[in-house]
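S.K.: I'm passing along work34.txt; it holds compact mmCIF, C-alpha atoms.
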# COMPACT_ATOMS: atom_id res chain seq x y z
CA MET A 1 51.94 56.02 -5.97
CA LYS A 2 51.43 55.84 -9.70
CA ARG A 3 52.97 58.64 -11.73
CA THR A 4 51.17 59.89 -14.83
CA MET A 5 52.90 61.53 -17.75
CA CYS A 6 52.19 65.12 -18.58
CA PRO A 7 51.64 65.89 -22.30
CA GLU A 8 55.15 67.28 -22.64
CA GLU A 9 56.75 64.11 -21.24
CA TRP A 10 54.55 61.97 -23.49
CA TRP A 11 55.64 63.99 -26.53
CA ARG A 12 59.31 63.61 -25.60
CA SER A 13 58.97 59.88 -25.03
CA GLN A 14 57.25 59.45 -28.41
CA LEU A 15 60.01 61.44 -30.10
CA LEU A 16 62.69 59.32 -28.43
CA LEU A 17 60.89 56.14 -29.49
CA GLN A 18 60.71 57.32 -33.10
CA ILE A 19 64.38 58.32 -33.11
CA GLY A 20 65.31 54.96 -31.62
CA ALA A 21 63.27 53.13 -34.24
CA ALA A 22 64.91 55.16 -37.01
CA LEU A 23 68.36 54.36 -35.63
CA LEU A 24 67.52 50.67 -35.56
CA VAL A 25 66.34 50.74 -39.16
CA LEU A 26 68.93 53.13 -40.61
CA GLY A 27 71.68 52.75 -38.02
CA PRO A 28 75.30 51.78 -38.55
CA ALA A 29 76.06 48.38 -40.08
CA GLY A 30 72.66 48.17 -41.70
CA GLY A 31 70.52 48.21 -38.57
CA LEU A 32 68.18 45.37 -37.72
CA VAL A 33 65.95 45.45 -40.77
CA ARG A 34 68.68 44.55 -43.26
CA ARG A 35 69.37 41.33 -41.36
CA ALA A 36 65.77 40.21 -41.80
CA GLU A 37 65.00 37.83 -44.63
CA ALA A 38 62.39 38.44 -47.29
CA VAL A 39 61.02 41.65 -45.82
CA VAL A 40 58.75 43.22 -48.42
CA ALA A 41 56.89 46.53 -48.28
CA TYR A 42 53.37 46.21 -49.67
CA SER A 43 51.28 49.03 -51.04
CA THR A 44 47.52 49.28 -50.87
CA GLN A 45 47.43 51.22 -54.15
CA ASN A 46 48.67 48.41 -56.42
CA GLU A 47 52.11 49.92 -56.82
CA PRO A 48 55.09 47.60 -57.22
CA SER A 49 56.60 46.63 -53.89
CA ILE A 50 60.26 47.12 -53.04
CA SER A 51 62.18 44.45 -51.16
CA LEU A 52 65.12 45.40 -48.99
CA GLU A 53 67.41 43.13 -51.00
CA GLU A 54 66.98 45.44 -54.01
CA LEU A 55 67.96 48.62 -52.17
CA PRO A 56 71.74 48.01 -51.93
CA ASN A 57 71.84 47.43 -55.70
CA GLN A 58 70.80 50.99 -56.52
CA LYS A 59 73.58 52.83 -58.27
CA LEU A 60 74.04 56.52 -58.91
CA GLU A 61 75.04 56.72 -62.57
CA THR A 62 73.89 60.00 -64.12
CA PHE A 63 75.31 63.39 -63.23
CA PRO A 64 72.14 64.65 -61.46
CA GLU A 65 71.99 61.47 -59.36
CA LEU A 66 75.65 61.73 -58.40
CA TRP A 67 75.41 65.44 -57.65
CA ARG A 68 72.21 65.10 -55.63
CA GLY A 69 73.47 62.17 -53.56
CA ILE A 70 76.74 63.86 -52.62
CA PHE A 71 75.17 67.30 -52.16
CA LEU A 72 72.40 66.20 -49.82
CA TRP A 73 74.73 64.33 -47.49
CA GLY A 74 77.27 67.15 -47.43
CA PHE A 75 74.68 69.90 -46.98
CA PHE A 76 72.77 68.24 -44.18
CA SER A 77 75.88 67.14 -42.29
CA ILE A 78 77.25 70.69 -42.39
CA LEU A 79 73.82 72.04 -41.49
CA LEU A 80 73.65 69.68 -38.50
CA ILE A 81 76.96 71.02 -37.21
CA HIS A 82 75.75 74.62 -37.61
CA ILE A 83 72.46 73.84 -35.85
CA VAL A 84 74.33 72.36 -32.89
CA SER A 85 76.68 75.36 -32.76
CA ALA A 86 73.71 77.76 -32.99
CA ILE A 87 72.01 76.00 -30.09
CA ILE A 88 75.20 76.23 -28.03
CA ALA A 89 75.58 79.93 -28.92
CA PHE A 90 71.99 80.65 -27.95
CA LEU A 91 72.24 78.77 -24.64
CA MET A 92 75.48 80.51 -23.70
CA LEU A 93 74.31 83.99 -24.68
CA ARG A 94 70.57 83.80 -23.94
CA ARG A 95 70.73 86.49 -21.25
CA HIS A 96 72.85 88.90 -23.28
CA LYS A 97 70.98 91.82 -24.80
CA TYR A 98 72.26 91.35 -28.35
CA GLY A 99 74.28 88.13 -28.05
CA ARG A 100 71.23 85.90 -28.28
CA PHE A 101 70.86 86.92 -31.92
CA SER A 102 74.31 85.55 -32.74
CA ALA A 103 72.74 82.08 -32.93
CA ALA A 104 70.55 83.23 -35.82
CA CYS A 105 73.61 84.66 -37.57
CA VAL A 106 75.53 81.41 -37.09
CA LEU A 107 72.63 79.46 -38.55
CA LEU A 108 72.00 81.85 -41.45
CA PHE A 109 75.63 82.17 -42.53
CA GLY A 110 76.15 78.46 -41.96
CA MET A 111 73.26 77.60 -44.26
CA CYS A 112 74.47 79.96 -46.99
CA THR A 113 78.07 78.75 -46.76
CA ALA A 114 77.01 75.10 -46.66
CA PHE A 115 74.73 75.48 -49.66
CA VAL A 116 77.27 77.24 -51.87
CA MET A 117 80.22 75.10 -50.85
CA CYS A 118 78.36 71.81 -51.16
CA ALA A 119 76.72 72.74 -54.45
CA ALA A 120 80.04 73.66 -56.04
CA THR A 121 82.14 70.77 -54.74
CA SER A 122 79.39 68.19 -55.29
CA ALA A 123 78.99 69.38 -58.86
CA ALA A 124 82.75 69.12 -59.43
CA VAL A 125 83.01 65.63 -57.91
CA GLY A 126 79.83 64.45 -59.63
CA PHE A 127 81.01 65.74 -63.00
CA VAL A 128 84.38 64.02 -62.70
CA LEU A 129 82.76 60.75 -61.64
CA TYR A 130 80.21 60.97 -64.46
CA GLN A 131 82.87 61.65 -67.09
CA ALA A 132 84.99 58.79 -65.78
CA LYS A 133 81.92 56.49 -65.98
CA ILE A 134 82.20 55.66 -62.28
CA THR A 135 79.00 54.69 -60.50
CA LEU A 136 78.48 55.10 -56.79
CA GLN A 137 76.44 53.23 -54.26
CA PRO A 138 74.38 55.52 -51.98
CA ILE A 139 76.69 54.67 -49.06
CA GLN A 140 79.66 55.93 -51.09
CA ALA A 141 77.82 59.17 -51.83
CA MET A 142 77.25 59.50 -48.09
CA MET A 143 80.97 59.08 -47.44
CA CYS A 144 81.77 61.73 -50.07
CA GLY A 145 79.31 64.17 -48.50
CA ILE A 146 80.60 63.62 -44.98
CA ALA A 147 84.18 63.93 -46.28
CA GLN A 148 83.21 67.37 -47.63
CA THR A 149 82.10 68.31 -44.12
CA ALA A 150 85.34 67.03 -42.62
CA LEU A 151 87.42 68.98 -45.14
CA LEU A 152 85.40 72.15 -44.50
CA ILE A 153 86.02 71.82 -40.77
CA LEU A 154 89.72 71.11 -41.33
CA PHE A 155 90.20 74.15 -43.56
CA SER A 156 88.11 76.37 -41.29
CA PHE A 157 90.24 75.51 -38.27
CA SER A 158 93.47 75.89 -40.23
CA LYS A 159 92.48 79.44 -41.18
CA VAL A 160 92.06 80.25 -37.49
CA ILE A 161 95.33 78.65 -36.37
CA MET A 162 97.62 80.21 -39.01
CA PRO A 163 97.37 83.86 -37.86
CA THR A 164 98.20 82.89 -34.29
CA LEU A 165 101.57 81.35 -35.25
Can you dump the structure from the file as structure tokens?
M.R.:
Amino acid sequence: MKRTMCPEEWWRSQLLLQIGAALLVLGPAGGLVRRAEAVVAYSTQNEPSISLEELPNQKLETFPELWRGIFLWGFFSILLIHIVSAIIAFLMLRRHKYGRFSAACVLLFGMCTAFVMCAATSAAVGFVLYQAKITLQPIQAMMCGIAQTALLILFSFSKVIMPTL
């Protein structure tokens, strides 16, 4: 007996295919596309094309570039952690009369905290790097942003552990 997909299953399968394709292209160790030779993106509007060999040579040199690169990675990595924790909070407290709204609070406060913390620390790091005339590759900006997330988690947990000692 042949099984047909309902629209919801089709939507999920398409989403999984797109996520899988994105992971292949942007995944760890360069994905599959970086190993291809002479891959060129063409435009139908007579714009200059960009080859994948030119992408790793981009450098973040000015203060706004440095700040933006570090900030975006830090903000979205912290935001991802807060989204996951909000989903867990909602699933655990979905039957509680008022507890289900705690997920919205986790998300709202997480976004505000992430924005302020990442904006300030990214500006400080970007300013120091700019004044020291240090340029970053985009992958290094990613590591700085994710390191901000790791430090935020470390300090957040250390604030919780200290009063219990």
S.K.: Between atom CA of Ala147 of chain A and atom CA of Phe127 of chain A, what is the spacing in Å?
M.R.: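 The value is 17.1 Å.
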S.K.: Quick one: pull the distance between atom CA of Ile70 of chain A and atom CA of Gly126 of chain A, Å, one decimal.
M.R.: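 Atom-to-atom, atom CA of Ile70 of chain A and atom CA of Gly126 of chain A are spaced 7.7 Å apart.
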S.K.: So, counting all atoms listed in the file, which residue among A:Thr164, A:Thr149, A:Ser158, A:Thr62 is closest to Cys118 of chain A?
M.R.: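 Between A:Thr164, A:Thr149, A:Ser158, A:Thr62, the residue approaching Cys118 of chain A most closely is A:Thr149.
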S.K.: Write out as a ChimeraX atom specification which residues come within 10 Å of Ile146 of chain A when counting only C-alpha atoms, dropping same-chain ones fewer than 6 positions away.
M.R.: /A:70-78,140,152
S.K.: Just give me the gap between atom CA of Ile88 of chain A and atom CA of Phe101 of chain A in Å, one decimal is fine.
M.R.: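 Straight-line distance from atom CA of Ile88 of chain A to atom CA of Phe101 of chain A works out to 12.2 Å.
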S.K.: List as a list in words the protein and nucleic acid residues near Leu60 of chain A, meaning an atom at most 8 Å away when all atoms listed in the file are counted, but skip any in the same chain fewer than 2 places from it.
M.R.: Gln58, Thr62, Glu65, Leu66, Gly69, Thr135, Leu136, Gln137 and Pro138 of chain A
S.K.: Measuring atom to atom with all atoms listed in the file, identify which of A:Ile87, A:Ile134, A:Cys144, A:Ala103 is nearest to Ser122 of chain A.
M.R.: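 Comparing A:Ile87, A:Ile134, A:Cys144, A:Ala103 against Ser122 of chain A, the winner is A:Cys144.
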S.K.: As a PyMOL selection string, please: the residues near Cys112 of chain A (cut-off 12 Å, all atoms listed in the file, same-chain neighbours under 5 positions excluded).
M.R.: chain A and resi 75+78-79+82+105-107+117-119
S.K.: Looking at only C-alpha atoms, which of A:Ala86, A:Lys159, A:Lys133, A:Val128 is the one that sits closest to Phe109 of chain A?
M.R.: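 When distances to Phe109 of chain A are compared using only C-alpha atoms, the smallest one comes from A:Ala86.
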S.K.: For Lys59 of chain A, which of A:Ala150, A:Ala132, A:Val160, A:Ala141 is the closest residue, counting only C-alpha atoms?
M.R.: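 Closest to Lys59 of chain A of all the choices is A:Ala141.
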S.K.: With only C-alpha atoms as the atoms that count, which of A:Arg100, A:Gly145, A:Ser85, A:Leu91 lies nearest to Ala123 of chain A?
M.R.: A:Gly145
